[in-house]
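Undergrad: My structure is in my_file_10.txt, and what it holds is compact mmCIF, C-alpha atoms:
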```
# COMPACT_ATOMS: atom_id res chain seq x y z
CA MET A 5 -8.25 9.62 17.47
CA ILE A 6 -7.11 12.47 19.53
CA ALA A 7 -9.82 14.97 18.88
CA ASP A 8 -12.72 12.63 19.57
CA VAL A 9 -11.39 10.91 22.63
CA GLU A 10 -11.67 13.26 25.54
CA PRO A 11 -8.50 13.38 27.57
CA THR A 12 -9.26 13.22 31.25
CA ARG A 13 -5.81 14.45 32.24
CA CYS A 14 -3.30 16.55 30.40
CA VAL A 15 -1.10 14.16 28.45
CA PRO A 16 -2.41 13.83 24.89
CA ILE A 17 -2.31 10.42 23.23
CA ILE A 18 -1.35 8.55 26.42
CA ASP A 19 -4.39 9.69 28.35
CA ALA A 20 -6.81 9.68 25.45
CA VAL A 21 -9.89 7.70 26.35
CA ALA A 22 -12.38 5.85 24.20
CA PRO A 23 -15.09 3.21 24.64
CA PRO A 24 -14.10 -0.40 23.91
CA GLU A 25 -16.49 -0.48 20.95
CA ARG A 26 -14.41 2.12 19.12
CA LEU A 27 -11.27 0.05 19.35
CA ALA A 28 -13.27 -3.05 18.46
CA MET A 29 -14.58 -1.35 15.33
CA LEU A 30 -11.03 -0.33 14.38
CA ARG A 31 -10.03 -3.99 14.81
CA VAL A 32 -12.88 -5.17 12.60
CA LEU A 33 -12.34 -2.54 9.86
CA THR A 34 -8.56 -2.88 9.71
CA GLY A 35 -8.69 -6.66 10.04
CA MET A 36 -11.33 -7.08 7.35
CA PHE A 37 -9.41 -4.81 5.01
CA ALA A 38 -6.15 -6.69 5.60
CA VAL A 39 -7.74 -10.12 5.13
CA VAL A 40 -9.41 -9.05 1.88
CA TYR A 41 -6.14 -7.46 0.76
CA LEU A 42 -4.28 -10.70 1.49
CA LEU A 43 -6.83 -12.75 -0.44
CA VAL A 44 -6.97 -10.37 -3.41
CA ARG A 45 -3.17 -10.26 -3.63
CA LEU A 46 -2.84 -13.97 -2.92
CA PRO A 47 -1.30 -14.78 -6.35
CA VAL A 48 1.42 -12.20 -5.75
CA PHE A 49 2.19 -13.55 -2.28
CA LEU A 50 2.14 -17.17 -3.49
CA GLN A 51 4.56 -16.29 -6.31
CA LEU A 52 7.08 -15.17 -3.71
CA GLY A 53 7.78 -18.83 -2.97
CA ASP A 54 9.05 -19.40 -6.51
CA ARG A 55 11.69 -16.68 -6.38
CA ARG A 56 15.24 -17.71 -5.78
CA SER A 57 17.44 -14.84 -7.05
CA GLY A 58 17.69 -11.15 -6.22
CA PHE A 59 16.84 -11.53 -2.53
CA ASP A 60 17.77 -8.55 -0.36
CA GLY A 61 15.91 -8.82 2.93
CA VAL A 62 14.13 -5.81 4.42
CA GLY A 63 12.09 -5.48 7.59
CA ILE A 64 12.06 -8.73 9.55
CA ALA A 65 13.05 -10.56 6.36
CA ALA A 66 16.48 -8.99 6.86
CA LEU A 67 16.98 -11.78 9.40
CA LEU A 68 17.03 -14.27 6.53
CA ALA A 69 20.30 -15.02 4.74
CA ARG A 70 18.55 -16.49 1.71
CA PRO A 71 15.02 -16.97 0.34
CA VAL A 72 12.84 -19.49 2.14
CA SER A 73 11.22 -22.45 0.40
CA SER A 74 7.84 -22.18 -1.27
CA THR A 75 6.44 -24.50 1.42
CA VAL A 76 7.39 -22.01 4.13
CA VAL A 77 5.80 -19.17 2.17
CA ASP A 78 2.61 -21.21 1.70
CA ILE A 79 2.45 -22.08 5.40
CA VAL A 80 2.98 -18.46 6.47
CA ILE A 81 0.23 -17.32 4.09
CA ALA A 82 -2.19 -19.99 5.32
CA VAL A 83 -1.49 -19.33 9.00
CA THR A 84 -1.74 -15.58 8.46
CA ALA A 85 -5.08 -15.92 6.68
CA LEU A 86 -6.48 -18.10 9.47
CA ALA A 87 -5.14 -15.72 12.11
CA GLY A 88 -6.76 -12.91 10.12
CA ALA A 89 -10.15 -14.53 10.56
CA GLY A 90 -9.47 -14.73 14.29
CA PHE A 91 -8.36 -11.10 14.30
CA VAL A 92 -11.60 -9.91 12.70
CA LEU A 93 -13.85 -12.10 14.82
CA GLY A 94 -11.90 -11.43 17.98
CA TRP A 95 -11.38 -15.15 18.53
CA ARG A 96 -8.51 -16.01 20.89
CA PHE A 97 -7.33 -12.51 20.14
CA ARG A 98 -4.34 -12.64 22.46
CA PHE A 99 -2.87 -15.15 20.02
CA SER A 100 -4.66 -14.52 16.73
CA GLY A 101 -4.07 -10.74 16.93
CA PRO A 102 -0.27 -10.75 17.20
CA MET A 103 -0.06 -13.76 14.88
CA PHE A 104 -1.96 -11.97 12.13
CA ALA A 105 -0.01 -8.74 12.57
CA LEU A 106 3.32 -10.59 12.55
CA GLY A 107 2.22 -12.67 9.56
CA MET A 108 1.36 -9.56 7.56
CA LEU A 109 4.62 -7.96 8.70
CA ALA A 110 6.50 -11.04 7.53
CA LEU A 111 4.71 -11.22 4.17
CA GLY A 112 5.10 -7.48 3.56
CA SER A 113 8.77 -7.64 4.48
CA TYR A 114 9.38 -10.66 2.26
CA ARG A 115 7.51 -9.09 -0.62
CA GLY A 116 9.70 -6.00 -0.40
CA SER A 117 12.90 -8.03 -0.27
CA TRP A 118 13.51 -8.30 -3.99
CA GLY A 119 15.11 -4.96 -4.75
CA GLN A 120 11.87 -2.99 -5.01
CA LEU A 121 10.33 -1.62 -1.84
CA LEU A 122 6.63 -1.02 -2.22
CA HIS A 123 4.78 1.27 0.18
CA PHE A 124 1.19 0.11 -0.10
CA GLU A 125 1.20 -1.99 3.06
CA ASN A 126 3.25 0.04 5.56
CA LEU A 127 0.43 1.90 7.28
CA MET A 128 -1.85 -1.13 7.31
CA VAL A 129 0.78 -3.27 9.01
CA LEU A 130 1.54 -0.55 11.57
CA TYR A 131 -2.17 -0.37 12.44
CA LEU A 132 -2.32 -4.17 12.77
CA LEU A 133 0.67 -4.18 15.10
CA ILE A 134 -0.87 -1.47 17.30
CA ILE A 135 -4.29 -3.13 17.43
CA SER A 136 -2.87 -6.59 18.02
CA LEU A 137 -1.17 -5.44 21.23
CA ALA A 138 -4.26 -3.62 22.50
CA PRO A 139 -7.38 -4.97 24.25
CA ALA A 140 -9.23 -4.73 20.95
CA ALA A 141 -11.37 -7.81 21.53
CA ASP A 142 -12.93 -6.66 24.80
CA SER A 143 -16.10 -5.88 22.90
CA TRP A 144 -17.81 -7.07 19.74
CA SER A 145 -15.80 -10.26 19.62
CA MET A 146 -16.09 -13.99 20.15
CA ASP A 147 -13.78 -13.65 23.13
CA ALA A 148 -16.18 -11.18 24.75
CA ARG A 149 -19.16 -13.37 23.95
CA ARG A 150 -17.42 -16.37 25.49
CA ARG A 151 -16.55 -14.45 28.64
CA GLY A 152 -20.10 -13.21 29.04
CA GLY A 153 -20.78 -9.85 30.58
CA ARG A 154 -22.83 -6.76 30.77
CA GLY A 155 -25.96 -6.39 28.68
CA GLY A 156 -25.64 -9.81 27.19
CA ARG A 157 -23.04 -8.55 24.81
CA GLY A 158 -20.40 -10.69 26.33
CA ALA A 159 -18.17 -7.81 27.13
CA ARG A 160 -16.01 -7.51 30.17
CA ASP A 161 -17.51 -5.88 33.23
CA ASP A 162 -15.83 -2.62 32.38
CA ALA A 163 -16.98 -2.69 28.76
CA GLY A 164 -18.71 0.46 27.67
CA LEU A 165 -16.62 2.60 29.98
CA GLU A 166 -14.21 4.94 28.31
CA SER A 167 -10.65 4.16 29.19
CA PRO A 168 -7.11 5.02 28.09
CA ALA A 169 -6.66 1.30 27.50
CA TYR A 170 -8.95 1.71 24.49
CA GLY A 171 -8.17 5.32 23.66
CA PHE A 172 -4.39 5.12 23.62
CA PRO A 173 -4.10 2.60 20.76
CA ILE A 174 -6.55 4.63 18.68
CA ALA A 175 -4.72 7.86 19.39
CA LEU A 176 -1.43 6.14 18.58
CA ALA A 177 -2.80 4.95 15.24
CA SER A 178 -3.94 8.52 14.53
CA LEU A 179 -0.48 9.79 15.34
CA VAL A 180 1.13 7.18 13.09
CA LEU A 181 -1.24 8.22 10.29
CA VAL A 182 -0.36 11.90 10.41
CA ILE A 183 3.36 11.31 10.89
CA THR A 184 3.34 9.04 7.84
CA TYR A 185 1.89 11.79 5.68
CA VAL A 186 4.28 14.38 7.10
CA ILE A 187 7.23 12.10 6.32
CA ALA A 188 5.98 11.73 2.74
CA GLY A 189 5.79 15.52 2.43
CA VAL A 190 9.22 16.01 3.95
CA ALA A 191 10.64 13.42 1.53
CA LYS A 192 9.50 15.48 -1.45
CA LEU A 193 11.23 18.57 -0.10
CA ARG A 194 14.27 16.60 1.01
CA TYR A 195 14.87 14.54 -2.13
CA GLY A 196 13.16 16.67 -4.75
CA GLY A 197 13.82 20.15 -3.40
CA PRO A 198 12.21 23.27 -4.85
CA GLU A 199 12.27 21.65 -8.29
CA TRP A 200 9.58 19.22 -7.09
CA VAL A 201 7.21 22.14 -6.58
CA PHE A 202 8.26 24.74 -9.10
CA GLY A 203 9.47 22.58 -11.98
CA ASP A 204 7.90 19.93 -14.18
CA THR A 205 8.71 17.08 -11.82
CA LEU A 206 5.12 16.10 -11.04
CA ARG A 207 4.11 16.22 -14.71
CA ASN A 208 7.15 14.10 -15.55
CA HIS A 209 6.24 11.61 -12.81
CA VAL A 210 2.76 11.26 -14.32
CA ALA A 211 4.27 10.78 -17.79
CA TYR A 212 6.87 8.37 -16.41
CA ALA A 213 4.24 6.18 -14.70
CA ALA A 214 2.23 6.00 -17.93
CA ALA A 215 5.27 5.38 -20.16
CA ARG A 216 6.60 2.66 -17.88
CA LEU A 217 3.29 0.81 -17.93
CA ASP A 218 3.01 1.20 -21.70
CA LEU A 219 6.53 -0.08 -22.35
CA LEU A 220 6.00 -3.06 -20.05
CA GLY A 221 2.80 -4.01 -21.84
CA GLY A 222 0.42 -2.74 -19.17
CA SER A 223 -2.47 -0.33 -19.60
CA PRO A 224 -1.55 3.24 -18.65
CA SER A 225 -4.11 5.72 -17.40
CA PRO A 226 -6.24 7.05 -20.26
CA LEU A 227 -6.10 10.44 -18.53
CA ALA A 228 -2.29 10.67 -18.52
CA GLY A 229 -1.97 11.86 -22.12
CA TRP A 230 -4.50 14.62 -21.51
CA ALA A 231 -3.01 15.56 -18.17
CA VAL A 232 0.59 16.03 -19.32
CA ARG A 233 -0.60 18.54 -21.92
CA LEU A 234 -1.95 20.83 -19.22
CA ASP A 235 0.54 23.63 -18.86
CA GLY A 236 0.81 25.76 -15.78
CA ILE A 237 -1.18 23.62 -13.35
CA TRP A 238 1.56 21.25 -12.23
CA PRO A 239 3.36 23.57 -9.79
CA LEU A 240 -0.02 24.26 -8.18
CA VAL A 241 -0.85 20.58 -7.95
CA ALA A 242 2.63 19.83 -6.59
CA ALA A 243 2.39 22.57 -3.97
CA GLY A 244 -1.09 21.35 -3.02
CA THR A 245 0.20 17.81 -2.59
CA ILE A 246 2.97 18.90 -0.23
CA VAL A 247 0.64 21.20 1.73
CA ILE A 248 -1.83 18.34 2.23
CA GLU A 249 0.90 16.00 3.43
CA LEU A 250 2.61 18.47 5.74
CA ALA A 251 -0.74 19.68 7.10
CA ALA A 252 -1.74 16.19 8.26
CA PRO A 253 -1.41 17.08 11.98
CA ILE A 254 -4.44 19.36 11.72
CA ALA A 255 -6.50 16.18 11.47
CA LEU A 256 -5.77 15.65 15.15
CA LEU A 257 -7.70 18.82 15.98
CA GLY A 258 -10.93 17.12 15.03
CA GLY A 259 -14.12 18.64 13.69
CA ARG A 260 -14.25 20.29 10.28
CA LEU A 261 -10.48 20.72 10.06
CA ARG A 262 -10.06 16.96 10.39
CA THR A 263 -12.71 16.16 7.83
CA THR A 264 -11.41 18.79 5.42
CA TRP A 265 -7.94 17.27 5.63
CA VAL A 266 -9.28 13.72 5.23
CA LEU A 267 -11.22 14.80 2.14
CA ALA A 268 -8.17 16.55 0.70
CA ALA A 269 -5.91 13.54 1.36
CA TRP A 270 -8.47 11.17 -0.12
CA LEU A 271 -8.85 13.32 -3.24
CA MET A 272 -5.07 13.39 -3.55
CA HIS A 273 -5.05 9.59 -3.60
CA ILE A 274 -7.91 9.60 -6.11
CA GLY A 275 -5.81 11.88 -8.33
CA VAL A 276 -2.78 9.61 -8.06
CA LEU A 277 -4.97 6.66 -9.00
CA ALA A 278 -6.65 8.48 -11.89
CA PHE A 279 -3.52 9.90 -13.49
CA MET A 280 -0.86 7.35 -12.54
CA LEU A 281 -2.90 4.18 -11.92
CA ILE A 282 -1.14 3.85 -8.58
CA GLY A 283 -3.63 2.97 -5.89
CA PHE A 284 -3.01 3.08 -2.16
CA PRO A 285 -6.01 0.99 -1.13
CA PHE A 286 -5.75 1.57 2.63
CA PRO A 287 -6.52 5.31 2.40
CA LEU A 288 -8.59 4.96 -0.77
CA PHE A 289 -11.05 2.75 1.10
CA LEU A 290 -10.89 5.25 3.99
CA VAL A 291 -9.78 2.63 6.52
CA ALA A 292 -6.56 4.58 7.13
CA PHE A 293 -8.62 7.51 8.39
CA ALA A 294 -10.83 5.44 10.69
CA PRO A 295 -8.91 6.23 13.92
CA LEU A 296 -9.83 9.88 13.48
CA TYR A 297 -13.55 9.25 13.92
CA ARG A 298 -16.07 7.79 16.37
CA ILE A 299 -16.31 4.74 14.18
CA GLU A 300 -18.32 2.68 16.66
CA ARG A 301 -21.29 4.71 15.41
CA LEU A 302 -21.08 2.83 12.13
CA TRP A 303 -22.64 -0.07 14.02
CA LEU A 304 -24.35 1.59 16.95
CA GLY A 305 -25.96 4.13 14.68
CA ARG A 306 -27.34 1.66 12.19
CA PRO A 307 -31.04 1.99 11.31
CA SER A 308 -33.50 0.46 13.76
CA TRP A 309 -34.66 -2.08 11.18
CA ALA A 310 -31.16 -3.51 11.24
CA MET A 311 -31.34 -4.05 15.00
CA ARG A 312 -31.92 -7.66 15.94
CA SER A 313 -33.14 -7.25 19.49
CA SER A 314 -34.22 -4.77 22.07
CA ASP A 315 -30.86 -5.26 23.74
CA GLN A 316 -29.16 -3.69 20.77
CA VAL A 317 -31.54 -0.75 20.77
CA ALA A 318 -30.65 -0.32 24.41
CA GLU A 319 -27.00 -0.61 23.50
CA ARG A 320 -27.30 2.29 21.11
CA THR A 321 -29.25 4.36 23.60
CA ALA A 322 -26.67 3.68 26.30
CA SER A 323 -23.85 4.63 23.98
CA ALA A 324 -25.56 7.86 22.95
CA THR A 325 -25.70 8.95 26.54
CA ARG A 326 -21.99 8.38 27.07
CA MET B 7 10.69 5.14 16.09
CA LEU B 8 8.51 6.20 13.17
CA VAL B 9 10.91 8.96 12.16
CA ALA B 10 14.03 6.80 12.57
CA PRO B 11 14.19 5.97 8.83
CA VAL B 12 14.05 9.71 8.09
CA VAL B 13 16.91 10.43 10.48
CA LEU B 14 18.94 7.50 9.16
CA ASN B 15 17.85 8.22 5.58
CA GLU B 16 17.17 4.52 5.09
CA ASP B 17 13.96 3.15 3.65
CA GLY B 18 12.51 -0.02 5.15
CA PHE B 19 9.34 -1.89 6.06
CA PRO B 20 7.05 -1.07 7.75
CA LEU B 21 8.96 2.07 8.76
CA SER B 22 9.76 4.10 5.68
CA THR B 23 11.05 7.39 4.36
CA TYR B 24 8.24 7.23 1.75
CA PRO B 25 10.57 8.21 -1.08
CA MET B 26 8.25 7.12 -3.89
CA TYR B 27 7.96 9.82 -6.54
CA SER B 28 9.72 12.29 -4.24
CA ARG B 29 12.83 12.83 -6.31
CA SER B 30 13.14 15.45 -8.98
CA ARG B 31 12.57 13.92 -12.40
CA GLY B 32 13.36 15.14 -15.88
CA ALA B 33 11.45 14.22 -19.00
CA VAL B 34 14.16 11.85 -20.28
CA VAL B 35 14.07 8.45 -18.56
CA THR B 36 15.73 5.09 -19.15
CA PHE B 37 13.51 2.02 -19.00
CA VAL B 38 14.17 -1.70 -19.08
CA THR B 39 11.72 -3.90 -20.88
CA ALA B 40 11.40 -6.87 -23.21
CA GLN B 41 9.84 -6.78 -26.65
CA GLY B 42 8.90 -9.15 -29.42
CA ILE B 43 10.81 -8.68 -32.67
CA ASP B 44 9.85 -9.80 -36.18
CA ALA B 45 12.11 -10.44 -39.18
CA ASN B 46 11.84 -6.79 -40.25
CA GLY B 47 12.92 -5.49 -36.87
CA GLU B 48 9.40 -4.34 -35.97
CA THR B 49 8.77 -4.49 -32.25
CA THR B 50 5.72 -5.84 -30.43
CA ALA B 51 4.80 -4.97 -26.85
CA LEU B 52 4.46 -7.95 -24.54
CA THR B 53 2.54 -8.01 -21.27
CA LEU B 54 3.56 -7.69 -17.64
CA GLU B 55 2.78 -11.37 -17.11
CA VAL B 56 4.85 -12.45 -20.13
CA ILE B 57 7.80 -10.24 -19.19
CA GLY B 58 7.82 -10.74 -15.46
CA ASP B 59 5.21 -13.34 -14.50
CA SER B 60 3.54 -10.72 -12.32
CA ASP B 61 0.90 -8.03 -12.70
CA ASP B 62 2.95 -5.50 -10.75
CA PRO B 63 4.99 -3.15 -12.97
CA LEU B 64 7.33 -2.25 -10.12
CA ILE B 65 8.22 -5.89 -9.56
CA VAL B 66 8.50 -6.68 -13.27
CA ALA B 67 10.78 -3.70 -13.97
CA GLY B 68 12.81 -4.25 -10.79
CA GLU B 69 13.51 -7.89 -11.51
CA LEU B 70 14.41 -7.21 -15.14
CA ARG B 71 16.74 -4.40 -14.06
CA ASP B 72 18.40 -6.73 -11.56
CA ALA B 73 18.79 -9.45 -14.19
CA ILE B 74 20.56 -7.04 -16.54
CA ARG B 75 22.76 -5.70 -13.74
CA ASP B 76 23.70 -9.18 -12.56
CA GLY B 77 24.50 -10.52 -16.04
CA ARG B 78 21.39 -12.72 -16.16
CA ALA B 79 19.73 -11.00 -19.09
CA GLN B 80 20.09 -14.01 -21.40
CA GLN B 81 18.57 -16.36 -18.83
CA ARG B 82 15.69 -13.95 -18.28
CA CYS B 83 15.24 -13.60 -22.06
CA ASP B 84 14.84 -17.37 -22.39
CA GLU B 85 12.23 -17.38 -19.61
CA ILE B 86 10.30 -14.58 -21.31
CA ALA B 87 10.50 -16.35 -24.68
CA ALA B 88 9.06 -19.50 -23.11
CA ARG B 89 6.13 -17.56 -21.65
CA ALA B 90 5.68 -15.66 -24.94
CA ALA B 91 5.42 -18.96 -26.86
CA ASP B 92 2.45 -19.88 -24.66
CA TRP B 93 0.87 -16.43 -24.95
CA GLY B 94 -2.11 -16.62 -27.25
CA ARG B 95 -1.88 -13.03 -28.45
CA LEU B 96 1.71 -13.12 -29.65
CA PRO B 97 1.66 -12.02 -33.32
CA PRO B 98 2.57 -14.94 -35.64
CA ARG B 99 5.37 -12.95 -37.24
CA THR B 100 7.21 -12.47 -33.95
CA ALA B 101 10.41 -14.48 -34.20
CA ALA B 102 12.44 -13.40 -31.18
CA ILE B 103 12.45 -11.63 -27.84
CA GLU B 104 14.84 -8.85 -26.95
CA VAL B 105 15.67 -7.62 -23.46
CA VAL B 106 16.41 -3.94 -23.91
CA THR B 107 17.16 -0.65 -22.26
CA GLU B 108 15.42 2.26 -23.95
CA ARG B 109 15.82 5.96 -23.31
CA HIS B 110 12.61 7.90 -23.83
CA ASP B 111 11.25 11.40 -23.63
CA VAL B 112 8.34 10.32 -21.43
CA VAL B 113 6.15 13.33 -22.22
CA ALA B 114 6.50 12.63 -25.95
CA GLN B 115 5.87 8.94 -25.31
CA VAL B 116 2.62 9.66 -23.48
CA GLU B 117 1.57 12.16 -26.12
CA GLY B 118 2.05 9.46 -28.75
CA THR B 119 4.87 11.14 -30.63
CA PRO B 120 8.29 9.56 -31.39
CA SER B 121 10.11 9.31 -28.08
CA VAL B 122 12.97 6.79 -28.29
CA LEU B 123 16.32 8.52 -27.88
CA ALA B 124 18.53 5.45 -27.48
CA ARG B 125 18.13 1.66 -27.42
CA THR B 126 20.49 -1.03 -26.10
CA VAL B 127 19.85 -4.74 -26.59
CA HIS B 128 21.12 -6.81 -23.65
CA ALA B 129 19.93 -10.22 -24.82
CA ALA B 130 18.02 -11.77 -27.69
CA CYS B 131 16.47 -15.20 -27.95
CA GLU B 132 14.28 -17.13 -30.35
CA VAL B 133 10.63 -17.85 -29.64
CA GLN B 134 10.12 -21.62 -29.90
CA ARG B 135 6.54 -22.18 -31.01
```
Show this structure as structure tokens.
TA:
Amino acid sequence: MIADVEPTRCVPIIDAVAPPERLAMLRVLTGMFAVVYLLVRLPVFLQLGDRRSGFDGVGIAALLARPVSSTVVDIVIAVTALAGAGFVLGWRFRFSGPMFALGMLALGSYRGSWGQLLHFENLMVLYLLIISLAPAADSWSMDARRRGGRGGRGARDDAGLESPAYGFPIALASLVLVITYVIAGVAKLRYGGPEWVFGDTLRNHVAYAAARLDLLGGSPSPLAGWAVRLDGIWPLVAAGTIVIELAAPIALLGGRLRTTWVLAAWLMHIGVLAFMLIGFPFPLFLVAFAPLYRIERLWLGRPSWAMRSSDQVAERTASATR
Amino acid sequence: MLVAPVVLNEDGFPLSTYPMYSRSRGAVVTFVTAQGIDANGETTALTLEVIGDSDDPLIVAGELRDAIRDGRAQQRCDEIAARAADWGRLPPRTAAIEVVTERHDVVAQVEGTPSVLARTVHAACEVQR
């Protein structure tokens, strides 16, 4: 969030300001997504404990000389899941936040330590690490409720005031987002070269993903067979993919440019899912793009019938005037 | 820090070079897989769970590739055969499991036309029903 947090001085990112509710909403959205992801992929994470051969540690798992026991894996999963609940609720966030982020970092590292690095969890874990070290539970959290505070919302006395303390983490997450996409675009030019754009590489990747699934007994995309027969479109699609990835920094400009890029990036992921059955859930569910928007409005702007008390109506009114 | 993997050209987690599907790829690709075989040499596709005890094709293919590379293909074949014996949809005529490397024209494969260019059997094992 660089475009929608108004810098009060002249150093972008560092001096970006935002209300505490925006950072709190980023905590809730990212935390909820990560907890659901952990629970949905629980069988995969639990299976990690049964593996004994082929270990090649990456990330913080590189600190391990050999695989850990299944008991250790089970304990890390359980502690991470519990910390995840604390992360979302903002309960003892100074502990639950870093614990959840480190737990997901550990599980993601361990999962990628068997000769096949996956890239579905990178951005999510980076967001968790950023949020966990930020004052993301100063509002809309059990910690804030326990502390008591202005307007009965339990926030700190300075809650509601825009501050770099809340804006910087959001701006940093935005920066991480766009750099990630730029790196992905650079990788295609670096490793694939002009052939990636002008040749049949993208068509062959689509065919490869479908053939691999078919030969391993999975269910390939029903669209793949139709798609690979389309002549002439693949260089355009490939060029479009690289343009979208390299153009990610325009999202930091805000406004229509940001939303146009977000839509293009999301459609790119939809295409990858449709033709290759490879889903990157973090951007597909739009959580990856959350730092680019005034996401506190998702709650503050809810219909009046969803408001529980006059205090909350006042909360929305107060926020609208900020 | 985020661009360090790019500078070092080393993929990692959570910092990455995001190399997935970034390399140039031709239409001819070598795959590792495991298949059921009947007495006539007809092959039957298995499932991700039977082959690799996972629903993730990247993990299943990666582990099978590692097993072949490390000389553990026979051990892996026995594990697959044990899971196949418990698999309710295994055709009755399937007598054995083969761990194989196959070279395919992937475009032809997806279009449903003959695509196998070469096939190497790394291990074979009987299905004990």
Undergrad: I need the residue nearest Gly32 in chain B from this list: A:Val186, A:Val40, A:Ala211, A:Ala191. Use only C-alpha atoms for the distance.
TA: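 Of A:Val186, A:Val40, A:Ala211, A:Ala191, the one nearest Gly32 in chain B is A:Ala211, counting only C-alpha atoms.
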Undergrad: List the spatial neighbours of range 222-235 of chain A as number ranges by chain - criterion: any atom at most 6 Å away, all atoms listed in the file, same-chain residues fewer than 4 positions off excluded.
TA: A: 207, 214, 217-218, 279, 281; B: 116-117
Undergrad: Hey, can you check how far CA of Leu219 in chain A sits from CA of Asp76 in chain B?
TA: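 We find that CA of Leu219 in chain A and CA of Asp76 in chain B lie 21.8 Å from each other.
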Undergrad: Taking all atoms listed in the file into account, what are the residues of chain B at most 8 Å from chain A, put as a compact mmCIF listing (two decimals) with C-alpha atoms, keeping the file's coordinate frame?
TA:
```
# COMPACT_ATOMS: atom_id res chain seq x y z
CA LEU B 8 8.51 6.20 13.17
CA VAL B 9 10.91 8.96 12.16
CA VAL B 12 14.05 9.71 8.09
CA GLY B 18 12.51 -0.02 5.15
CA PHE B 19 9.34 -1.89 6.06
CA PRO B 20 7.05 -1.07 7.75
CA LEU B 21 8.96 2.07 8.76
CA SER B 22 9.76 4.10 5.68
CA THR B 23 11.05 7.39 4.36
CA TYR B 24 8.24 7.23 1.75
CA PRO B 25 10.57 8.21 -1.08
CA MET B 26 8.25 7.12 -3.89
CA TYR B 27 7.96 9.82 -6.54
CA SER B 28 9.72 12.29 -4.24
CA ARG B 29 12.83 12.83 -6.31
CA SER B 30 13.14 15.45 -8.98
CA ARG B 31 12.57 13.92 -12.40
CA GLY B 32 13.36 15.14 -15.88
CA ALA B 33 11.45 14.22 -19.00
CA VAL B 35 14.07 8.45 -18.56
CA PHE B 37 13.51 2.02 -19.00
CA THR B 39 11.72 -3.90 -20.88
CA ALA B 40 11.40 -6.87 -23.21
CA ALA B 51 4.80 -4.97 -26.85
CA LEU B 52 4.46 -7.95 -24.54
CA THR B 53 2.54 -8.01 -21.27
CA LEU B 54 3.56 -7.69 -17.64
CA ILE B 57 7.80 -10.24 -19.19
CA SER B 60 3.54 -10.72 -12.32
CA PRO B 63 4.99 -3.15 -12.97
CA LEU B 64 7.33 -2.25 -10.12
CA ILE B 65 8.22 -5.89 -9.56
CA ALA B 67 10.78 -3.70 -13.97
CA GLY B 68 12.81 -4.25 -10.79
CA GLU B 69 13.51 -7.89 -11.51
CA ASP B 72 18.40 -6.73 -11.56
CA VAL B 112 8.34 10.32 -21.43
CA VAL B 113 6.15 13.33 -22.22
CA GLN B 115 5.87 8.94 -25.31
CA VAL B 116 2.62 9.66 -23.48
CA GLU B 117 1.57 12.16 -26.12
```
Undergrad: CA of Asp111 in chain B and CA of Ile282 in chain A, how far apart in Å?
TA: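 CA of Ile282 in chain A sits 20.9 Å away from CA of Asp111 in chain B.
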Undergrad: For Ala102 in chain B, which of B:Val66, B:Ala87, B:Val34, B:Ala124 is the closest residue, counting all atoms listed in the file?
TA: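 The answer is B:Ala87, which sits nearest to Ala102 in chain B.
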Undergrad: Which residue out of A:Pro295, A:Arg56, A:Val266, A:Val39 has the minimum interatomic distance to Ala69 in chain A when only C-alpha atoms are used?
TA: A:Arg56
Undergrad: As a list of chain:residue names, please: the residues near Val56 in chain B (cut-off 6 Å, all atoms listed in the file, same-chain neighbours under 4 positions excluded).
TA: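 Contacts, in chain order: B:Ile86, B:Arg89, B:Ala90.
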Undergrad: Have a look at CA of Pro98 in chain B and CA of Gly47 in chain B and let me know their distance in Å, one decimal.
TA: 14.1 Å
Undergrad: With only C-alpha atoms as the basis for distance, which of B:Gln80, B:Ala101, B:Leu14, B:His110 is at the shortest distance from Val127 in chain B?
TA: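 With only C-alpha atoms as the atom set, the closest residue is B:Gln80.
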Undergrad: Show me the residues around (2.2, -16.9, 2.7) - criterion: an atom at most 9 Å away, only C-alpha atoms counted - as a VMD selection string.
TA: chain A and resid 46 49 to 50 52 to 53 74 to 85 107 to 108 110 to 111
Undergrad: Need the axis-aligned box for range 53-58 of chain B with 3 Å each side, so what are the centre and edges in Å to one decimal, as AutoDock Vina command-line options?
TA:
```
--center_x 5.2 --center_y -10.1 --center_z -18.4 --size_x 11.3 --size_y 10.8 --size_z 11.8
```
Undergrad: What lies within 8 Å of Gly35 in chain A using only C-alpha atoms, ignoring chain neighbours under 5 positions off, as a ChimeraX atom specification?
TA: /A:88,91-92,132
Undergrad: Starting from the incomplete input, reconstruct N, CA and C atoms of range 301-305 of chain A and report them as an mmCIF file, in the frame of the given file.
TA:
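Once everything was written out, this is part35.cif:
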```cif
data_model
loop_
_atom_site.group_PDB
_atom_site.id
_atom_site.type_symbol
_atom_site.label_atom_id
_atom_site.label_comp_id
_atom_site.auth_asym_id
_atom_site.auth_seq_id
_atom_site.Cartn_x
_atom_site.Cartn_y
_atom_site.Cartn_z
ATOM 1 N N ARG A 301 -19.953 4.286 15.832
ATOM 2 C CA ARG A 301 -21.290 4.710 15.410
ATOM 3 C C ARG A 301 -21.714 4.060 14.093
ATOM 4 N N LEU A 302 -20.735 3.547 13.356
ATOM 5 C CA LEU A 302 -21.080 2.830 12.130
ATOM 6 C C LEU A 302 -22.009 1.659 12.439
ATOM 7 N N TRP A 303 -21.811 1.068 13.612
ATOM 8 C CA TRP A 303 -22.640 -0.070 14.020
ATOM 9 C C TRP A 303 -23.739 0.358 14.979
ATOM 10 N N LEU A 304 -23.349 1.167 15.961
ATOM 11 C CA LEU A 304 -24.350 1.590 16.950
ATOM 12 C C LEU A 304 -25.416 2.478 16.323
ATOM 13 N N GLY A 305 -25.024 3.195 15.289
ATOM 14 C CA GLY A 305 -25.960 4.130 14.680
ATOM 15 C C GLY A 305 -26.708 3.563 13.499
#
```
